[in-house]
file data.cif (mmCIF, C-alpha atoms (C1' of nucleotides))
data_run
#
loop_
_atom_site.label_atom_id
_atom_site.label_comp_id
_atom_site.auth_asym_id
_atom_site.auth_seq_id
_atom_site.Cartn_x
_atom_site.Cartn_y
_atom_site.Cartn_z
CA MET P 13 38.50 76.48 -7.22
CA ASN P 14 37.81 74.38 -4.16
CA LEU P 15 41.02 73.25 -2.54
CA GLN P 16 39.59 72.11 0.73
CA GLY P 17 39.87 68.44 -0.18
CA LEU P 18 43.57 68.70 -0.85
CA ILE P 19 44.23 70.77 2.23
CA ASP P 20 42.30 68.39 4.45
CA ASN P 21 44.24 65.55 2.95
CA ILE P 22 47.53 67.22 3.79
CA GLN P 23 46.37 68.05 7.29
CA ARG P 24 45.74 64.40 7.96
CA TYR P 25 49.53 64.13 8.04
CA ILE P 26 50.70 67.51 9.30
CA SER P 27 49.16 70.76 10.42
CA LEU P 28 49.52 73.85 8.27
CA GLU P 29 49.81 77.47 9.19
CA GLU P 30 47.89 80.07 7.30
CA ARG P 31 50.91 81.31 5.39
CA GLU P 32 51.78 77.79 4.36
CA ILE P 33 48.31 77.27 2.97
CA CYS P 34 48.62 80.49 1.02
CA ALA P 35 52.01 79.53 -0.35
CA LEU P 36 50.58 76.23 -1.44
CA GLU P 37 47.58 77.79 -3.10
CA ASP P 38 49.88 80.05 -5.05
CA ILE P 39 51.51 77.19 -6.90
CA LEU P 40 48.44 75.16 -7.78
CA GLU P 41 46.53 75.05 -11.01
CA SER P 42 43.47 73.01 -11.77
CA ARG P 43 42.77 71.22 -14.97
CA THR P 44 39.58 69.78 -16.39
CA LEU P 45 39.60 66.59 -18.43
CA ARG P 46 37.05 64.83 -20.50
CA LYS P 47 36.75 61.07 -20.44
CA LYS P 48 39.58 59.41 -22.39
CA GLU P 49 41.63 62.57 -22.45
CA PHE P 50 45.35 62.16 -21.74
CA LEU P 51 47.11 64.04 -19.01
CA LEU P 52 50.43 62.64 -20.15
CA GLN P 53 51.85 60.33 -22.76
CA PRO P 54 55.10 58.35 -23.07
CA GLY P 55 58.11 60.44 -24.00
CA GLN P 56 56.87 63.53 -22.25
CA VAL P 57 58.47 64.75 -19.06
CA CYS P 58 55.95 64.76 -16.24
CA ARG P 59 56.04 68.35 -15.04
CA SER P 60 53.41 67.95 -12.31
CA GLN P 61 51.89 65.39 -10.11
CA PHE P 62 48.14 65.40 -9.93
CA TYR P 63 45.68 65.39 -7.10
CA VAL P 64 42.31 64.07 -8.21
CA HIS P 65 39.59 66.46 -7.14
CA LYS P 66 36.83 64.77 -9.07
CA GLY P 67 36.68 61.83 -11.42
CA LEU P 68 38.97 58.89 -12.03
CA ILE P 69 42.40 58.64 -13.62
CA ARG P 70 44.61 55.71 -14.44
CA ASN P 71 48.18 55.35 -15.59
CA TYR P 72 49.43 52.45 -17.64
CA LEU P 73 52.29 51.16 -19.70
CA ILE P 74 52.09 49.60 -23.12
CA GLY P 75 54.67 46.83 -23.15
CA GLU P 76 56.76 45.60 -26.05
CA ASP P 77 54.21 42.87 -26.60
CA GLY P 78 51.65 45.61 -27.17
CA ASP P 79 49.42 45.08 -24.20
CA GLU P 80 48.49 47.41 -21.41
CA HIS P 81 49.59 47.10 -17.81
CA THR P 82 47.94 49.53 -15.48
CA LEU P 83 49.98 50.71 -12.58
CA GLN P 84 47.43 52.70 -10.65
CA PHE P 85 43.88 53.95 -10.49
CA ALA P 86 43.23 57.21 -8.71
CA CYS P 87 39.84 58.57 -7.78
CA GLU P 88 38.89 61.50 -5.58
CA ASP P 89 41.53 62.37 -3.00
CA TRP P 90 44.37 60.36 -4.55
CA PHE P 91 47.58 61.46 -6.20
CA ILE P 92 48.72 60.17 -9.55
CA SER P 93 51.36 60.86 -12.20
CA ASP P 94 54.16 59.14 -14.02
CA PHE P 95 56.06 59.16 -10.80
CA ASN P 96 59.41 58.07 -12.12
CA SER P 97 59.29 60.75 -14.75
CA TYR P 98 58.15 63.28 -12.18
CA ILE P 99 60.83 62.81 -9.55
CA ASN P 100 63.71 62.54 -11.98
CA GLN P 101 62.30 65.01 -14.50
CA VAL P 102 63.09 62.67 -17.36
CA ALA P 103 60.99 61.39 -20.24
CA GLY P 104 58.25 59.10 -18.99
CA SER P 105 56.89 55.83 -20.26
CA LEU P 106 53.32 55.88 -19.03
CA PHE P 107 50.00 57.00 -20.34
CA VAL P 108 48.02 58.96 -17.78
CA GLN P 109 44.42 59.09 -18.83
CA ALA P 110 41.02 60.09 -17.50
CA LEU P 111 38.54 57.25 -17.24
CA GLU P 112 35.76 59.69 -16.39
CA ASP P 113 35.30 63.41 -16.83
CA SER P 114 37.64 64.69 -14.18
CA VAL P 115 39.11 67.68 -12.42
CA VAL P 116 42.68 67.46 -11.18
CA ILE P 117 44.90 69.86 -9.29
CA CYS P 118 48.40 70.12 -10.68
CA LEU P 119 51.41 70.35 -8.38
CA PRO P 120 54.32 71.52 -10.53
CA TYR P 121 57.64 69.89 -9.79
CA GLN P 122 59.87 72.97 -9.49
CA LYS P 123 57.45 74.86 -7.33
CA VAL P 124 56.82 71.93 -5.04
CA GLU P 125 60.54 71.49 -4.52
CA GLU P 126 60.88 75.16 -3.72
CA LEU P 127 57.95 75.00 -1.35
CA CYS P 128 59.59 72.11 0.46
CA ARG P 129 62.78 74.08 0.90
CA VAL P 130 61.01 77.05 2.33
CA TYR P 131 58.51 75.21 4.50
CA PRO P 132 59.75 71.98 6.07
CA SER P 133 56.13 71.06 6.79
CA PHE P 134 55.72 70.21 3.14
CA GLU P 135 58.97 68.36 3.07
CA ARG P 136 57.56 66.32 5.87
CA PHE P 137 54.20 65.81 4.23
CA PHE P 138 55.72 64.49 1.03
CA ARG P 139 58.06 62.27 2.97
CA LEU P 140 55.19 60.67 4.85
CA VAL P 141 53.13 60.27 1.72
CA SER P 142 56.01 58.72 -0.21
CA GLN P 143 56.74 56.33 2.60
CA LYS P 144 53.16 55.24 2.67
CA ALA P 145 53.07 54.84 -1.08
CA PHE P 146 56.22 52.77 -0.95
CA ALA P 147 54.91 50.49 1.77
CA PHE P 148 51.73 50.10 -0.18
CA SER P 149 53.44 49.12 -3.38
CA GLN P 150 55.50 46.57 -1.51
CA LYS P 151 52.25 44.99 -0.41
CA ARG P 152 51.18 44.83 -4.00
CA ILE P 153 54.41 43.17 -5.02
CA LEU P 154 53.88 40.49 -2.39
CA SER P 155 50.34 40.03 -3.54
CA ASN P 156 51.48 39.60 -7.13
CA LEU P 157 54.16 37.14 -6.08
CA GLY P 158 52.06 34.96 -3.88
CA LYS P 159 48.45 34.95 -4.89
CA SER P 160 46.38 33.41 -7.63
CA ALA P 161 44.39 35.49 -10.06
CA GLU P 162 41.19 34.85 -8.16
CA GLU P 163 42.70 35.86 -4.83
CA ARG P 164 44.08 39.06 -6.30
CA TYR P 165 40.69 39.96 -7.63
CA ARG P 166 38.99 39.35 -4.30
CA GLU P 167 41.64 41.31 -2.48
CA PHE P 168 41.06 44.22 -4.82
CA LYS P 169 37.32 44.19 -4.21
CA ASP P 170 37.91 44.14 -0.49
CA LEU P 171 40.36 47.00 -0.62
CA TYR P 172 38.53 49.24 -3.10
CA PRO P 173 34.89 48.23 -3.06
CA ASN P 174 33.86 51.32 -4.98
CA ILE P 175 36.40 51.29 -7.79
CA GLU P 176 35.39 48.16 -9.66
CA GLN P 177 32.16 49.55 -11.06
CA ARG P 178 33.86 52.71 -12.24
CA VAL P 179 36.57 51.17 -14.38
CA PRO P 180 36.31 49.04 -17.52
CA GLN P 181 36.97 45.39 -16.95
CA TYR P 182 39.96 45.17 -19.24
CA ALA P 183 41.63 47.96 -17.28
CA LEU P 184 41.03 46.18 -14.00
CA ALA P 185 42.34 42.95 -15.50
CA SER P 186 45.48 44.72 -16.64
CA TYR P 187 45.95 46.08 -13.12
CA LEU P 188 45.53 42.67 -11.57
CA GLY P 189 47.87 41.00 -14.02
CA MET P 190 45.49 38.73 -15.88
CA SER P 191 43.68 38.70 -19.19
CA SER P 192 40.32 40.33 -19.53
CA GLU P 193 38.75 37.03 -20.55
CA PHE P 194 40.06 35.28 -17.51
CA LEU P 195 38.75 37.95 -15.18
CA SER P 196 35.37 37.47 -16.77
CA LYS P 197 35.52 33.76 -16.02
CA ILE P 198 36.53 34.39 -12.42
CA LYS P 199 33.57 36.69 -11.85
CA ASN P 200 31.30 34.13 -13.38
CA ARG P 201 32.70 31.41 -11.18
CA LEU P 202 32.34 33.51 -8.02
CA ALA P 203 28.76 34.42 -8.88
CA ARG P 204 27.85 30.73 -9.33
CA ASN P 205 29.52 29.75 -6.08
CA SER P 206 27.63 32.32 -4.07
CA PHE P 207 24.37 30.63 -5.07
CA SER P 208 25.23 27.07 -4.03
CA MET U 113 82.50 52.11 13.94
CA ASN U 114 82.94 53.39 10.42
CA LEU U 115 80.02 55.52 9.37
CA GLN U 116 81.56 57.06 6.33
CA GLY U 117 79.59 54.86 3.93
CA LEU U 118 76.28 55.93 5.35
CA ILE U 119 77.23 59.56 5.46
CA ASP U 120 78.51 59.52 1.90
CA ASN U 121 75.30 57.88 0.87
CA ILE U 122 73.25 60.63 2.48
CA GLN U 123 75.44 63.32 0.97
CA ARG U 124 74.66 62.02 -2.47
CA TYR U 125 71.22 63.51 -1.88
CA ILE U 126 71.84 66.46 0.39
CA SER U 127 74.78 68.15 2.03
CA LEU U 128 75.22 67.92 5.76
CA GLU U 129 76.67 70.35 8.23
CA GLU U 130 79.00 69.19 10.95
CA ARG U 131 76.39 69.45 13.68
CA GLU U 132 73.94 67.42 11.62
CA ILE U 133 76.47 64.67 11.18
CA CYS U 134 77.04 64.63 14.91
CA ALA U 135 73.36 64.51 15.66
CA LEU U 136 73.02 61.60 13.29
CA GLU U 137 75.92 59.71 14.78
CA ASP U 138 74.35 60.09 18.20
CA ILE U 139 71.32 58.02 17.30
CA LEU U 140 73.01 55.18 15.46
CA GLU U 141 73.90 51.76 16.72
CA SER U 142 75.60 49.02 14.83
CA ARG U 143 74.78 45.37 14.99
CA THR U 144 76.67 42.29 13.90
CA LEU U 145 74.90 39.29 12.48
CA ARG U 146 75.96 35.81 11.63
CA LYS U 147 74.71 34.09 8.50
CA LYS U 148 71.07 32.94 8.86
CA GLU U 149 70.55 35.12 11.90
CA PHE U 150 67.25 37.04 12.01
CA LEU U 151 67.08 40.78 12.43
CA LEU U 152 63.31 40.60 12.67
CA GLN U 153 60.52 38.08 12.57
CA PRO U 154 56.78 38.29 11.88
CA GLY U 155 54.74 39.68 14.74
CA GLN U 156 57.48 41.95 15.98
CA VAL U 157 57.31 45.69 15.59
CA CYS U 158 60.18 46.92 13.46
CA ARG U 159 61.85 49.51 15.70
CA SER U 160 64.65 50.42 13.29
CA GLN U 161 65.45 50.46 9.68
CA PHE U 162 68.83 49.07 8.74
CA TYR U 163 71.65 50.34 6.62
CA VAL U 164 73.84 47.49 5.43
CA HIS U 165 77.44 48.28 6.14
CA LYS U 166 78.76 44.86 5.24
CA GLY U 167 77.14 41.64 4.14
CA LEU U 168 73.81 40.80 2.61
CA ILE U 169 70.32 40.82 4.07
CA ARG U 170 66.98 39.78 2.65
CA ASN U 171 63.42 40.17 3.82
CA TYR U 172 60.65 37.77 2.88
CA LEU U 173 57.13 36.71 3.60
CA ILE U 174 55.89 33.21 4.18
CA GLY U 175 52.49 33.02 2.54
CA GLU U 176 49.47 31.01 3.61
CA ASP U 177 50.51 28.34 1.15
CA GLY U 178 53.75 28.05 3.08
CA ASP U 179 56.21 29.30 0.53
CA GLU U 180 58.60 32.17 0.67
CA HIS U 181 58.33 35.36 -1.30
CA THR U 182 61.29 37.63 -1.00
CA LEU U 183 60.63 41.30 -1.19
CA GLN U 184 64.15 42.67 -1.21
CA PHE U 185 67.84 41.90 -1.11
CA ALA U 186 70.13 44.48 0.40
CA CYS U 187 73.90 44.44 0.22
CA GLU U 188 76.41 47.09 1.13
CA ASP U 189 75.05 50.61 1.02
CA TRP U 190 71.36 49.66 0.89
CA PHE U 191 68.58 50.12 3.40
CA ILE U 192 66.27 47.33 4.46
CA SER U 193 63.62 46.59 7.07
CA ASP U 194 60.01 45.53 7.33
CA PHE U 195 59.09 48.90 6.00
CA ASN U 196 55.36 48.73 6.59
CA SER U 197 55.95 47.74 10.17
CA TYR U 198 58.57 50.44 10.53
CA ILE U 199 56.63 53.43 9.31
CA ASN U 200 53.42 52.54 11.07
CA GLN U 201 55.09 51.02 14.11
CA VAL U 202 52.78 48.04 14.00
CA ALA U 203 53.44 44.31 14.07
CA GLY U 204 55.22 43.19 10.94
CA SER U 205 54.81 40.19 8.71
CA LEU U 206 58.27 39.73 7.27
CA PHE U 207 61.37 37.82 8.15
CA VAL U 208 64.51 39.91 7.87
CA GLN U 209 67.51 37.65 7.74
CA ALA U 210 71.22 37.77 7.05
CA LEU U 211 72.33 35.71 4.07
CA GLU U 212 75.97 36.32 4.95
CA ASP U 213 77.79 37.41 8.08
CA SER U 214 76.85 41.06 8.17
CA VAL U 215 77.14 44.37 9.93
CA VAL U 216 74.18 46.74 9.86
CA ILE U 217 73.65 50.20 11.24
CA CYS U 218 70.32 50.64 13.00
CA LEU U 219 68.29 53.81 12.59
CA PRO U 220 65.70 53.78 15.38
CA TYR U 221 62.27 55.05 14.40
CA GLN U 222 61.62 57.52 17.20
CA LYS U 223 65.02 59.09 16.99
CA VAL U 224 64.93 59.39 13.24
CA GLU U 225 61.58 61.14 13.44
CA GLU U 226 62.95 63.50 16.02
CA LEU U 227 66.03 64.16 13.93
CA CYS U 228 63.82 65.01 10.97
CA ARG U 229 61.90 67.52 13.02
CA VAL U 230 65.02 69.25 14.24
CA TYR U 231 66.98 69.16 10.99
CA PRO U 232 64.92 69.53 7.82
CA SER U 233 67.91 68.23 5.86
CA PHE U 234 67.11 64.76 7.10
CA GLU U 235 63.44 65.22 6.40
CA ARG U 236 64.51 66.01 2.89
CA PHE U 237 66.89 63.09 2.62
CA PHE U 238 64.28 60.59 3.68
CA ARG U 239 61.75 62.13 1.35
CA LEU U 240 64.06 61.76 -1.62
CA VAL U 241 64.98 58.24 -0.70
CA SER U 242 61.39 57.20 -0.20
CA GLN U 243 60.40 58.71 -3.51
CA LYS U 244 63.14 56.84 -5.25
CA ALA U 245 62.21 53.61 -3.52
CA PHE U 246 58.61 54.10 -4.52
CA ALA U 247 59.46 54.75 -8.16
CA PHE U 248 61.68 51.73 -8.11
CA SER U 249 59.04 49.42 -6.74
CA GLN U 250 56.60 50.66 -9.36
CA LYS U 251 59.08 49.52 -11.97
CA ARG U 252 59.17 46.13 -10.38
CA ILE U 253 55.39 45.92 -10.41
CA LEU U 254 55.38 46.65 -14.12
CA SER U 255 58.07 44.10 -14.68
CA ASN U 256 56.07 41.47 -12.80
CA LEU U 257 52.96 42.33 -14.73
CA GLY U 258 54.43 42.31 -18.18
CA LYS U 259 57.42 40.04 -18.45
CA SER U 260 58.03 36.33 -18.67
CA ALA U 261 60.07 34.46 -16.09
CA GLU U 262 63.09 34.43 -18.36
CA GLU U 263 62.91 38.15 -19.03
CA ARG U 264 62.62 38.91 -15.34
CA TYR U 265 65.69 36.85 -14.64
CA ARG U 266 67.72 38.58 -17.32
CA GLU U 267 66.56 41.97 -16.14
CA PHE U 268 67.73 41.11 -12.66
CA LYS U 269 71.15 40.07 -13.84
CA ASP U 270 71.48 43.28 -15.80
CA LEU U 271 70.42 45.41 -12.87
CA TYR U 272 72.36 43.62 -10.12
CA PRO U 273 75.19 41.74 -11.76
CA ASN U 274 76.92 41.10 -8.45
CA ILE U 275 73.99 39.86 -6.38
CA GLU U 276 73.21 36.59 -8.08
CA GLN U 277 76.28 34.73 -6.94
CA ARG U 278 75.80 35.86 -3.36
CA VAL U 279 72.27 34.57 -2.80
CA PRO U 280 70.93 31.01 -2.85
CA GLN U 281 69.02 30.16 -5.97
CA TYR U 282 65.74 29.44 -4.22
CA ALA U 283 65.84 32.92 -2.69
CA LEU U 284 66.40 34.53 -6.04
CA ALA U 285 63.60 32.47 -7.55
CA SER U 286 61.25 33.60 -4.80
CA TYR U 287 62.22 37.21 -5.51
CA LEU U 288 61.58 36.82 -9.20
CA GLY U 289 58.26 35.08 -8.70
CA MET U 290 59.02 31.64 -10.05
CA SER U 291 59.83 28.22 -8.68
CA SER U 292 63.37 27.27 -7.90
CA GLU U 293 63.20 24.39 -10.39
CA PHE U 294 62.08 26.63 -13.17
CA LEU U 295 64.86 29.12 -12.56
CA SER U 296 67.30 26.24 -12.81
CA LYS U 297 65.84 25.32 -16.19
CA ILE U 298 66.05 28.90 -17.43
CA LYS U 299 69.72 29.15 -16.53
CA ASN U 300 70.37 25.88 -18.25
CA ARG U 301 68.53 27.06 -21.34
CA LEU U 302 70.43 30.35 -21.44
CA ALA U 303 73.78 28.59 -21.03
CA ARG U 304 72.99 26.29 -23.95
CA ASN U 305 71.89 29.15 -26.17
CA SER U 306 75.06 31.11 -25.61
CA PHE U 307 77.05 28.24 -27.17
CA SER U 308 75.12 27.92 -30.40
"C1'" DC E 268 82.38 10.13 7.07
"C1'" DG E 269 77.42 10.99 6.85
"C1'" DC E 270 73.78 14.08 7.12
"C1'" DG E 271 71.14 17.94 5.53
"C1'" DA E 272 70.65 21.77 2.51
"C1'" DC E 273 70.77 23.02 -2.13
"C1'" DG E 274 70.56 22.42 -7.07
"C1'" DT E 275 69.28 19.57 -11.27
"C1'" DT E 276 66.51 16.98 -14.38
"C1'" DG E 277 62.51 14.78 -16.31
"C1'" DA E 278 57.45 13.53 -16.28
"C1'" DT E 279 53.13 15.22 -15.48
"C1'" DT E 280 49.67 18.62 -14.42
"C1'" DT E 281 47.46 23.05 -14.26
"C1'" DG E 282 46.38 27.95 -14.20
"C1'" DC E 283 46.03 31.12 -17.25
"C1'" DC E 284 46.53 32.85 -22.09
"C1'" DT E 285 45.26 33.07 -26.92
"C1'" DC E 286 42.19 33.01 -30.45
"C1'" DA E 287 37.78 33.28 -32.36
"C1'" DA E 288 32.97 33.88 -32.45
"C1'" DC E 289 29.27 35.87 -30.49
"C1'" DG E 290 26.04 39.22 -27.40
"C1'" DA E 291 25.30 43.59 -25.22
"C1'" DT E 292 25.82 48.31 -24.74
"C1'" DT E 293 27.16 52.80 -26.06
"C1'" DG E 294 27.56 56.68 -28.70
"C1'" DT E 295 27.50 59.05 -32.97
"C1'" DG E 296 26.24 60.86 -37.41
"C1'" DG E 297 22.65 60.96 -40.76
"C1'" DC J 124 15.27 58.86 -33.42
"C1'" DC J 125 17.07 55.24 -35.71
"C1'" DA J 126 21.06 52.65 -37.80
"C1'" DC J 127 25.35 51.40 -37.64
"C1'" DA J 128 29.85 50.92 -35.93
"C1'" DA J 129 32.77 50.68 -32.27
"C1'" DT J 130 33.73 49.25 -27.83
"C1'" DC J 131 33.27 46.14 -24.23
"C1'" DG J 132 32.16 41.80 -22.02
"C1'" DT J 133 31.18 36.62 -22.44
"C1'" DT J 134 31.95 31.93 -23.62
"C1'" DG J 135 34.33 27.90 -25.35
"C1'" DA J 136 38.26 25.27 -27.51
"C1'" DG J 137 42.90 24.58 -27.57
"C1'" DG J 138 47.71 25.59 -26.24
"C1'" DC J 139 51.61 26.99 -23.54
"C1'" DA J 140 54.39 28.68 -19.67
"C1'" DA J 141 55.32 27.56 -15.40
"C1'" DA J 142 54.10 24.73 -11.16
"C1'" DT J 143 54.31 20.42 -8.95
"C1'" DC J 144 56.16 16.08 -7.84
"C1'" DA J 145 59.75 12.87 -7.42
"C1'" DA J 146 64.28 11.07 -7.92
"C1'" DC J 147 68.87 11.88 -8.01
"C1'" DG J 148 73.60 14.47 -7.75
"C1'" DT J 149 76.54 17.49 -5.07
"C1'" DC J 150 78.53 20.15 -1.89
"C1'" DG J 151 79.59 22.06 2.72
"C1'" DC J 152 79.66 21.25 7.41
"C1'" DG J 153 79.23 19.09 12.10
#
call {"tool": "encode", "arguments": {"input": "data.cif", "output": "C-alpha cells"}}
result
Amino acid sequence: MNLQGLIDNIQRYISLEEREICALEDILESRTLRKKEFLLQPGQVCRSQFYVHKGLIRNYLIGEDGDEHTLQFACEDWFISDFNSYINQVAGSLFVQALEDSVVICLPYQKVEELCRVYPSFERFFRLVSQKAFAFSQKRILSNLGKSAEERYREFKDLYPNIEQRVPQYALASYLGMSSEFLSKIKNRLARNSFS
Amino acid sequence: MNLQGLIDNIQRYISLEEREICALEDILESRTLRKKEFLLQPGQVCRSQFYVHKGLIRNYLIGEDGDEHTLQFACEDWFISDFNSYINQVAGSLFVQALEDSVVICLPYQKVEELCRVYPSFERFFRLVSQKAFAFSQKRILSNLGKSAEERYREFKDLYPNIEQRVPQYALASYLGMSSEFLSKIKNRLARNSFS
DNA sequence: CGCGACGTTGATTTGCCTCAACGATTGTGG
DNA sequence: CCACAATCGTTGAGGCAAATCAACGTCGCG
C-alpha cells in the first residue's frame, strides 16, 4: 500500500521521525470500495476515520422529512467519517458512501488515541487538523446564514473547482442547502448570463 | 483572579499536574469588559482566545448586505474568539462583543502554542476541545440545512435554555438565520399554541 | 421627560420549494 | 448488442415559508 500521500499530508503540519512513521504505519489498514458502497450507516459506531487515497466519498444525513443533507465531500487527500460518532464512540447518524470506486486508509479510533499518547507529534497533528476543520465549518455556517442559493453555488465552484463534475447534482444541491431543481435553474441562469 | 473555573473545565478532559497548572497560570491575563464593548473588530489579528469567566460574549459578521450574522454566543465557561483569525494569526472578519458586563481570561496564541509544545497534556486538551467544537458545528450545519425556522428556534431553547433571556432578540434571530420580525412571530405563534 | 434602541404586528413581496411531466444518460440482463 | 428500466437532470406552474417594509408600542437610560 502506498502511504506517501498521507504521510506528506501529515508532514505539512509537523515533521515525523522514522519511528513515528513506523508506528503510524502499524495501525493503518486500507479498504477498497466500489461506487455506491457504504463505509458506514446510521446506528453504527464509527470505529475509524478515513483518509481518502483515491476516489470520492460523501457523508450525509437523512432527515425526518426524508431528504438528504450532505455534510461533506472528500476526495483525494481529505479525511472523512461520521465525526461525532467517531470522537465519542457512540452510534452515528450519517451515511458515509463512495461516490466513485475508491481506496481509503482507515485510522482506528483506539489505536490513534494510543498513538497520540505515545507520540505527542500526532497529538499535535490532530489538534491542528481539528482546529482547521472547525474554522472551516464556521465559515460554512456563515455562508449558509448570509448568502443566497446562487452565491453559495458560486462560492463552492470557486473553492472546489474540480469537485462539481465528480458529484451528482442532487448531492451537490443537498450540500448547498437547496433543491436539485433549483440548482438546475441557477446553472441555467448563469449560463445564459455569461452569453449576454 | 479566580482561575478555578478554567482549570476545572480543562480537568474535565485531562488531568493536570501542579507544575502544568502553574505554567498555565503564568500565561493568562484577565480582562474586564463593559456591555457593548468590543474585544475584537474586523481587520484585527486575534491574538488571544477568550475563556468567559463571567458575562456573555458574542461574535458576529456583518455581511456585504449589511446585516449581522452571529456565529456564537459564549457565557460562563465557554471559549470564544475569531477562531479563524486566531489559529492562522491573520486579519479577522468578526466583531467580538460583550452583551453584558463581562470578565474574560485571555489565552495568548504564542504562549499557548509554546505551552502545548512543552506539556503534551495541553496539546491533548486543545485537540479534544477542537474536535468537540468541530463535531458541534457540524451538527449546526445539519440543523441549518434541514430544519425550518421554528424547529431551529425550539432546538436552541432545548439546548441552551438559559441563553435566550440574556441576549437581545435580534441577535438570537441572526444566530438562527432568520429575521428578527419572523422570530417574533414564531414566539407569538408558540405562545398561542400552548394555550389551546 | 424625551430620545433611541428594541420588539411587535400587519401587508406585501419574493426566493425557493413542491409537484409533475418530460428528456437524456447509464447500466444491466436477455 | 439491443431493449428496457432506473437514475439523473431539466423545465414550467403553482404554492408557501420567510423576508421586507412600514407603522406603532414599549422600555431603559441620559
call {"tool": "interface_residues", "arguments": {"input": "data.cif", "of": "chain U", "to": "chain J", "cutoff": "12 Å", "atoms": "only C-alpha atoms (C1' of nucleotides)", "output": "list of chain:residue names"}}
result
U:Lys259, U:Ser260, U:Ala261, U:Glu262, U:Gly289, U:Met290, U:Ser291, U:Ser292, U:Glu293, U:Phe294, U:Leu295, U:Lys297, U:Ile298
call {"tool": "residues_around", "arguments": {"input": "data.cif", "residues": "stretch 188-191 of chain U", "least_positions_apart": "2", "cutoff": "10 Å", "atoms": "only C-alpha atoms (C1' of nucleotides)", "output": "JSON, numbers by chain"}}
result
{"U": [117, 118, 120, 121, 161, 162, 163, 164, 165, 166, 167, 168, 169, 184, 185, 186, 193, 195, 214, 215, 216, 217, 218, 219, 241]}
call {"tool": "resolve_selection", "arguments": {"input": "data.cif", "expression": "the PyMOL selection byres ((chain E) within 9 of (chain U))", "output": "VMD selection string"}}
result
chain E and resid 273 to 276
call {"tool": "atom_distance", "arguments": {"input": "data.cif", "atom1": "atom CA of U:Pro273", "atom2": "atom CA of U:Thr182"}}
result
18.1 Å
call {"tool": "residues_around", "arguments": {"input": "data.cif", "residues": "U:Ser197", "least_positions_apart": "3", "cutoff": "9 Å", "atoms": "only C-alpha atoms (C1' of nucleotides)", "output": "list of chain:residue names"}}
result
P:Ala147, U:Gln156, U:Val157, U:Cys158, U:Arg159, U:Ser193, U:Asp194, U:Asn200, U:Gln201, U:Val202, U:Ala203, U:Gly204, U:Ser205, U:Leu206
call {"tool": "interface_residues", "arguments": {"input": "data.cif", "of": "chain P", "to": "chain U", "cutoff": "10 Å", "atoms": "all atoms listed in the file", "output": "PyMOL selection string"}}
result
chain P and resi 72-84+94-100+128-129+131-159+186-190
call {"tool": "atom_distance", "arguments": {"input": "data.cif", "atom1": "atom CA of P:Glu32", "atom2": "atom CA of P:Pro120"}}
result
16.4 Å
call {"tool": "build_atoms", "arguments": {"input": "data.cif", "residues": "stretch 214-226 of chain U", "atoms": "N, CA and C atoms", "output": "tab-separated table (two decimals), keeping the file's coordinate frame"}}
result
chain	number	residue	atom	x	y	z
U	214	SER	N	77.11	39.68	8.55
U	214	SER	CA	76.85	41.06	8.17
U	214	SER	C	77.01	42.03	9.32
U	215	VAL	N	77.17	43.29	8.95
U	215	VAL	CA	77.14	44.37	9.93
U	215	VAL	C	76.14	45.41	9.42
U	216	VAL	N	75.16	45.73	10.25
U	216	VAL	CA	74.18	46.74	9.86
U	216	VAL	C	74.21	47.89	10.85
U	217	ILE	N	73.79	49.04	10.36
U	217	ILE	CA	73.65	50.20	11.24
U	217	ILE	C	72.16	50.44	11.44
U	218	CYS	N	71.74	50.51	12.69
U	218	CYS	CA	70.32	50.64	13.00
U	218	CYS	C	69.93	52.10	13.11
U	219	LEU	N	68.83	52.47	12.46
U	219	LEU	CA	68.29	53.81	12.59
U	219	LEU	C	66.94	53.70	13.30
U	220	PRO	N	66.91	54.01	14.58
U	220	PRO	CA	65.70	53.78	15.38
U	220	PRO	C	64.60	54.78	15.02
U	221	TYR	N	63.40	54.26	14.88
U	221	TYR	CA	62.27	55.05	14.40
U	221	TYR	C	62.07	56.37	15.13
U	222	GLN	N	61.91	56.30	16.45
U	222	GLN	CA	61.62	57.52	17.20
U	222	GLN	C	62.69	58.58	17.01
U	223	LYS	N	63.92	58.14	17.07
U	223	LYS	CA	65.02	59.09	16.99
U	223	LYS	C	65.18	59.67	15.59
U	224	VAL	N	64.88	58.87	14.60
U	224	VAL	CA	64.93	59.39	13.24
U	224	VAL	C	63.84	60.46	13.06
U	225	GLU	N	62.67	60.18	13.57
U	225	GLU	CA	61.58	61.14	13.44
U	225	GLU	C	61.94	62.46	14.11
U	226	GLU	N	62.53	62.32	15.27
U	226	GLU	CA	62.95	63.50	16.02
U	226	GLU	C	64.01	64.28	15.24
